[in-house]
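**Q** Got a structure for you, written out below as structure tokens; questions coming shortly.
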Amino acid sequence: METKVIAAIVIALIIGVFIGYVINIPKIQQLEAELKELEKAAGIVPELKKQIENLKSENEELKSKLAKYTKSYVEEIKKRGKLIVGTSADWPPFEYIEDGNYMGIDIRIAQKIAEKLGVELEIKDMKFAALIEALKTGMVDMVIADMTPTAEREKVVDFSVPYYFSKGHAVLVLKESAIDSVEDLYGKKVGVQLGTTQEEWAKENLKGKAEIVSYNKVYPEMVMVLMRGDVSAILVGDIVGGVLTSKFPELKIAFYVGGSSVGAAVAVAEGAEDLKYVINSVIQELIETGEMDKIFEEEIAKWMIKE
Ligand code: ARG
């Protein structure tokens, strides 16, 4: 009986060693460990790929930014021989068309900037809402359109020093209109120019209370719809309201809204430092010599003659 047990144990041992030898247990363990390592590595690869892609695009972005900042806008303008200026010529006395010519305060300032650069001036007239995009795409070198340097705009373009401070938006109505306060506008149609700070004010203060109608051009388009009675009021700049009421005695400024001391500045493409420098020096010079006041006075006076 005992020998049988011993024999069984011996046989079992022999079989065990044999199986172990044939199947090679340590090898399996080693392979498993290697596999685990490889799986871990494979998991890292897509992660690394993503990181490489991120670094690449970050690098591209920095390179294009650097190119923008080191690009000489002034050199390009001088080589071309003309300064291309975007405006919305519907905003007297800042910019308007008379007998096919571009006129007004902003046009004269633009002329001074072109002179300083020693080049011709070319005006590109477009709807106000298209001006920022025209700058971004390089279609124009600068924008002058009594444009207010708002935080929103500052994100995508650069602004010169301001050359004018407004006292707010004028609410223009027909002379016989009874509109006298913001509340009087409730339930009425109010015209504003698309993409302007006047439109922004209307959306913030009249939304759901008045019907806001947006137009691309102020003069003559918006002035016409007001005179026709299509809208009960239109929102324009303070000086703009002043000259329009003088030119059209059937209109009056009901009141002003939108706070005070909002500047107007020249806009350039983001990073157009050298051009901005020239523009700032021209504006500063015009202000210091009293020439800026003269330009404003003369251009306003042109509209003060009643017809
Ligand atoms: N100051 C206002 C703005 O920046 C209105 C300017 C309108 N200018 C014009 N040329 N239509 O939004």
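Letters for chains follow the order of the structure tokens (A, B, ...), residue numbers begin at 1 for each chain, and ligand numbers begin at 1 in the order shown.
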List as CSV every residue of chain A that is in contact with ligand 1, defined as an atom at most 7 Å from one of its atoms (using only C-alpha atoms and all ligand atoms), together with the nearest atom pair and the distance in Å rounded to one decimal, sorted by chain and then rising number.
**A**
residue,atom,partner,partner_atom_place_in_ligand_line,distance
A:Thr87,CA,ligand 1,10 (N),6.1
A:Ser88,CA,ligand 1,10 (N),4.2
A:Ala89,CA,ligand 1,10 (N),5.6
A:Asp90,CA,ligand 1,11 (N),5.4
A:Trp91,CA,ligand 1,10 (N),4.8
A:Phe94,CA,ligand 1,10 (N),7.0
A:Glu95,CA,ligand 1,10 (N),6.3
A:Phe128,CA,ligand 1,11 (N),5.6
A:Ala145,CA,ligand 1,10 (N),4.1
A:Asp146,CA,ligand 1,6 (C),4.9
A:Met147,CA,ligand 1,4 (O),3.5
A:Thr148,CA,ligand 1,4 (O),3.8
A:Pro149,CA,ligand 1,4 (O),7.0
A:Gly195,CA,ligand 1,12 (O),6.4
A:Thr196,CA,ligand 1,12 (O),3.2
A:Thr197,CA,ligand 1,12 (O),3.9
A:Gln198,CA,ligand 1,12 (O),6.3
A:Lys217,CA,ligand 1,11 (N),6.7
A:Val218,CA,ligand 1,11 (N),6.4
A:Gly237,CA,ligand 1,1 (N),6.4
A:Ala264,CA,ligand 1,1 (N),6.6
**Q** Extract, using only C-alpha atoms, all DNA, RNA and protein residues at most 8 Å from range 220-223 of chain A, discarding same-chain residues fewer than 4 positions from it, and format them as a PDB file with N, CA and C atoms, in the first residue's frame.
**A**
ATOM      1  N   ASP A  90     -21.854 107.484 -45.132  1.00  0.00           N
ATOM      2  CA  ASP A  90     -23.290 107.737 -44.962  1.00  0.00           C
ATOM      3  C   ASP A  90     -23.526 108.477 -43.644  1.00  0.00           C
ATOM      4  N   GLY A 191     -35.125 102.991 -35.943  1.00  0.00           N
ATOM      5  CA  GLY A 191     -34.101 102.645 -36.924  1.00  0.00           C
ATOM      6  C   GLY A 191     -32.690 102.840 -36.379  1.00  0.00           C
ATOM      7  N   VAL A 192     -31.813 101.863 -36.655  1.00  0.00           N
ATOM      8  CA  VAL A 192     -30.397 101.968 -36.268  1.00  0.00           C
ATOM      9  C   VAL A 192     -29.538 101.437 -37.408  1.00  0.00           C
ATOM     10  N   TYR A 215     -30.496  99.105 -40.555  1.00  0.00           N
ATOM     11  CA  TYR A 215     -30.216  99.482 -41.942  1.00  0.00           C
ATOM     12  C   TYR A 215     -28.711  99.513 -42.171  1.00  0.00           C
ATOM     13  N   MET A 227     -38.281 110.260 -42.510  1.00  0.00           N
ATOM     14  CA  MET A 227     -39.114 111.336 -43.058  1.00  0.00           C
ATOM     15  C   MET A 227     -40.396 110.773 -43.658  1.00  0.00           C
ATOM     16  N   ILE A 234     -34.781 107.516 -35.307  1.00  0.00           N
ATOM     17  CA  ILE A 234     -33.535 106.833 -35.677  1.00  0.00           C
ATOM     18  C   ILE A 234     -32.446 107.280 -34.707  1.00  0.00           C
TER      19      ILE A 234
END
**Q** Which residues of range 192-269 of chain A come within 10 Å of range 179-183 of chain A, and for each one, what is the closest pair of atoms and their distance in Å to one decimal, counting only C-alpha atoms, sorted by chain and residue number, as JSON lines?
**A**
{"residue": "A:Asn205", "atom": "CA", "partner": "A:Val182", "partner_atom": "CA", "distance": 8.5}
{"residue": "A:Leu206", "atom": "CA", "partner": "A:Val182", "partner_atom": "CA", "distance": 8.3}
{"residue": "A:Lys209", "atom": "CA", "partner": "A:Glu183", "partner_atom": "CA", "distance": 8.8}
{"residue": "A:Ala210", "atom": "CA", "partner": "A:Glu183", "partner_atom": "CA", "distance": 9.4}
{"residue": "A:Ser232", "atom": "CA", "partner": "A:Ile179", "partner_atom": "CA", "distance": 8.4}
{"residue": "A:Ala233", "atom": "CA", "partner": "A:Ile179", "partner_atom": "CA", "distance": 8.4}
{"residue": "A:Ile253", "atom": "CA", "partner": "A:Asp180", "partner_atom": "CA", "distance": 9.3}
{"residue": "A:Ala254", "atom": "CA", "partner": "A:Asp180", "partner_atom": "CA", "distance": 5.5}
{"residue": "A:Phe255", "atom": "CA", "partner": "A:Asp180", "partner_atom": "CA", "distance": 6.7}
{"residue": "A:Tyr256", "atom": "CA", "partner": "A:Ser181", "partner_atom": "CA", "distance": 9.0}
{"residue": "A:Val257", "atom": "CA", "partner": "A:Val182", "partner_atom": "CA", "distance": 8.3}
**Q** At a cut-off of 10 Å, can you tabulate as a tab-separated table every residue of range 232-304 of chain A near range 56-72 of chain A together with its closest atom pair and the distance in Å to one decimal, using only C-alpha atoms and ordering rows by chain then number?
**A**
residue	atom	partner	partner_atom	distance
A:Ala269	CA	A:Lys68	CA	9.2
A:Glu270	CA	A:Lys68	CA	8.0
A:Gly271	CA	A:Tyr69	CA	5.0
A:Ala272	CA	A:Tyr69	CA	6.6
A:Glu273	CA	A:Tyr69	CA	7.1
A:Asp274	CA	A:Ser72	CA	6.7
A:Leu275	CA	A:Ser72	CA	8.1
**Q** Could you check which of A:Ser246, A:Asn54, A:Asn101, A:Asn216 is closest to Ile300 in chain A, using only C-alpha atoms?
**A**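 Of A:Ser246, A:Asn54, A:Asn101, A:Asn216, the one nearest Ile300 in chain A is A:Ser246, counting only C-alpha atoms.
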**Q** Considering only C-alpha atoms, return as a list in words whatever protein or nucleic-acid residues lie within 10 Å of Gly258 in chain A, sequence-local ones (same chain, fewer than 3 positions apart) excluded.
**A**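 These residues fall inside the cut-off: Ser166, Lys167, Gly168, His169, Ala170, Thr197, Gln198, Glu200, Trp201, Ala202, Asn205, Ser261 and Val262 of chain A.
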**Q** Excluding Val85 in chain A and its own-chain neighbours fewer than 4 positions away, which residues fall within 7 Å of it when counting only C-alpha atoms? Please give them as a list in words.
**A**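 The residues that qualify are Glu122, Ile123, Lys124, Val140, Asp141, Met142 and Val143 of chain A.
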**Q** Output as an mmCIF file with N, CA and C atoms, in the first residue's frame all residues of range 136-202 of chain A that backbone DSSP marks as strand (DSSP E).
**A**
data_model
loop_
_atom_site.group_PDB
_atom_site.id
_atom_site.type_symbol
_atom_site.label_atom_id
_atom_site.label_comp_id
_atom_site.auth_asym_id
_atom_site.auth_seq_id
_atom_site.Cartn_x
_atom_site.Cartn_y
_atom_site.Cartn_z
ATOM 1 N N MET A 142 -6.640 100.682 -43.391
ATOM 2 C CA MET A 142 -7.189 101.254 -42.158
ATOM 3 C C MET A 142 -8.664 101.578 -42.342
ATOM 4 N N VAL A 143 -9.342 101.754 -41.225
ATOM 5 C CA VAL A 143 -10.757 102.114 -41.270
ATOM 6 C C VAL A 143 -10.934 103.409 -40.499
ATOM 7 N N ILE A 144 -11.594 104.375 -41.135
ATOM 8 C CA ILE A 144 -11.949 105.602 -40.426
ATOM 9 C C ILE A 144 -13.424 105.858 -40.728
ATOM 10 N N ALA A 145 -14.243 105.782 -39.676
ATOM 11 C CA ALA A 145 -15.694 105.869 -39.883
ATOM 12 C C ALA A 145 -16.391 106.287 -38.593
ATOM 13 N N ASP A 146 -15.799 107.257 -37.905
ATOM 14 C CA ASP A 146 -16.304 107.634 -36.576
ATOM 15 C C ASP A 146 -16.533 106.364 -35.756
ATOM 16 N N MET A 147 -15.556 105.474 -35.818
ATOM 17 C CA MET A 147 -15.707 104.179 -35.154
ATOM 18 C C MET A 147 -15.273 104.256 -33.700
ATOM 19 N N VAL A 157 -9.182 93.978 -33.880
ATOM 20 C CA VAL A 157 -8.391 94.996 -34.586
ATOM 21 C C VAL A 157 -7.707 95.899 -33.557
ATOM 22 N N ASP A 158 -6.787 96.747 -34.025
ATOM 23 C CA ASP A 158 -6.131 97.710 -33.131
ATOM 24 C C ASP A 158 -6.645 99.110 -33.424
ATOM 25 N N PHE A 159 -6.655 99.942 -32.398
ATOM 26 C CA PHE A 159 -7.145 101.311 -32.569
ATOM 27 C C PHE A 159 -6.064 102.341 -32.291
ATOM 28 N N TYR A 164 -11.760 112.143 -31.339
ATOM 29 C CA TYR A 164 -13.028 112.845 -31.075
ATOM 30 C C TYR A 164 -13.787 112.118 -29.974
ATOM 31 N N PHE A 165 -14.468 112.890 -29.120
ATOM 32 C CA PHE A 165 -15.286 112.281 -28.064
ATOM 33 C C PHE A 165 -16.737 112.710 -28.225
ATOM 34 N N SER A 166 -17.615 111.726 -28.279
ATOM 35 C CA SER A 166 -19.033 112.027 -28.497
ATOM 36 C C SER A 166 -19.760 112.149 -27.166
ATOM 37 N N HIS A 169 -25.629 109.137 -28.175
ATOM 38 C CA HIS A 169 -26.398 108.954 -29.408
ATOM 39 C C HIS A 169 -27.581 109.919 -29.422
ATOM 40 N N ALA A 170 -27.802 110.529 -30.581
ATOM 41 C CA ALA A 170 -28.952 111.429 -30.719
ATOM 42 C C ALA A 170 -30.156 110.630 -31.214
ATOM 43 N N VAL A 171 -31.303 110.840 -30.568
ATOM 44 C CA VAL A 171 -32.550 110.218 -31.015
ATOM 45 C C VAL A 171 -33.247 111.227 -31.920
ATOM 46 N N LEU A 172 -33.232 110.908 -33.205
ATOM 47 C CA LEU A 172 -33.769 111.819 -34.221
ATOM 48 C C LEU A 172 -35.220 111.467 -34.534
ATOM 49 N N VAL A 173 -36.080 112.492 -34.499
ATOM 50 C CA VAL A 173 -37.514 112.269 -34.772
ATOM 51 C C VAL A 173 -38.027 113.392 -35.678
ATOM 52 N N LEU A 174 -39.267 113.263 -36.152
ATOM 53 C CA LEU A 174 -39.889 114.335 -36.926
ATOM 54 C C LEU A 174 -40.208 115.488 -35.971
ATOM 55 N N LYS A 189 -41.350 101.846 -33.906
ATOM 56 C CA LYS A 189 -40.255 101.322 -34.737
ATOM 57 C C LYS A 189 -39.070 102.287 -34.627
ATOM 58 N N VAL A 190 -37.907 101.736 -34.313
ATOM 59 C CA VAL A 190 -36.713 102.570 -34.154
ATOM 60 C C VAL A 190 -35.625 102.080 -35.120
ATOM 61 N N GLY A 191 -35.125 102.991 -35.943
ATOM 62 C CA GLY A 191 -34.101 102.645 -36.924
ATOM 63 C C GLY A 191 -32.690 102.840 -36.379
ATOM 64 N N VAL A 192 -31.813 101.863 -36.655
ATOM 65 C CA VAL A 192 -30.397 101.968 -36.268
ATOM 66 C C VAL A 192 -29.538 101.437 -37.408
ATOM 67 N N GLN A 193 -28.265 101.786 -37.377
ATOM 68 C CA GLN A 193 -27.363 101.248 -38.400
ATOM 69 C C GLN A 193 -26.795 99.918 -37.925
#
**Q** Please provide as a VMD selection string all residues within 12 Å of Glu291 in chain A, with the sequence filter that same-chain residues fewer than 5 positions apart are discarded (counting only C-alpha atoms).
**A** chain A and resid 105 108 to 109 112 163 282 to 286 296 to 298
**Q** Next, dump the selected residues to file, keeping only C-alpha atoms, as a compact mmCIF listing (two decimals), in the first residue's frame.
**A**
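Below is the file that was written, part-v1.txt:
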# COMPACT_ATOMS: atom_id res chain seq x y z
CA ILE A 105 -13.94 115.08 -41.34
CA ARG A 108 -9.69 114.89 -44.41
CA ILE A 109 -7.93 113.07 -41.58
CA LYS A 112 -3.45 113.86 -43.85
CA TYR A 163 -9.55 111.97 -32.26
CA VAL A 282 -0.69 112.55 -37.44
CA ILE A 283 -3.65 112.70 -35.05
CA GLN A 284 -1.52 114.09 -32.23
CA GLU A 285 -0.09 116.71 -34.52
CA LEU A 286 -3.54 117.73 -35.80
CA PHE A 296 -14.37 119.78 -37.38
CA GLU A 297 -15.58 123.38 -37.49
CA GLU A 298 -15.28 123.68 -41.26
**Q** Counting only C-alpha atoms, which residue out of A:Leu194, A:Ala110, A:Val268, A:Ala178 sits closest to Ala130 in chain A?
**A**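 So, comparing all the options, the nearest one is A:Leu194.
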**Q** Find the distance between CA of Ile239 in chain A and CA of Pro93 in chain A and write it in Å to one decimal.
**A** 7.6 Å
**Q** Between A:Lys252, A:Lys136, A:Ile14, A:Asp106, which has the minimum distance to Lys155 in chain A (counting only C-alpha atoms)?
**A**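 The shortest atom-to-atom distance to Lys155 in chain A comes from A:Lys136.
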**Q** Please compute the CA of Gly187 in chain A-CA of Lys127 in chain A distance, one decimal, in Å.
**A** 27.8 Å
**Q** For Pro162 in chain A, which of A:Met126, A:Ile44, A:Ile279, A:Val240 is the closest residue, counting only C-alpha atoms?
**A**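 Answer, going by the shortest atom-to-atom distance: A:Ile279.
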**Q** What gap, in Å, lies between CA of Met304 in chain A and CA of Gly100 in chain A?
**A**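 Pair CA of Met304 in chain A / CA of Gly100 in chain A returns 20.7 Å.
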**Q** Run DSSP on the backbone and tell me which residues of range 163-206 of chain A come out as alpha helix (DSSP H); list them as a list in words.
**A** Thr197, Gln198, Glu199, Glu200, Trp201, Ala202, Lys203, Glu204, Asn205 and Leu206 of chain A
**Q** For the residues in the current selection, export C-alpha atoms as a CSV table (one decimal), in the first residue's frame.
**A**
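Output file part34.csv follows:
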chain,number,residue,atom,x,y,z
A,197,THR,CA,-22.9,101.1,-31.0
A,198,GLN,CA,-26.3,102.7,-31.6
A,199,GLU,CA,-27.7,99.3,-32.6
A,200,GLU,CA,-26.0,97.8,-29.5
A,201,TRP,CA,-27.7,100.4,-27.3
A,202,ALA,CA,-31.1,99.7,-28.9
A,203,LYS,CA,-30.7,96.0,-28.3
A,204,GLU,CA,-29.7,96.5,-24.7
A,205,ASN,CA,-32.4,99.1,-23.9
A,206,LEU,CA,-35.3,98.5,-26.3
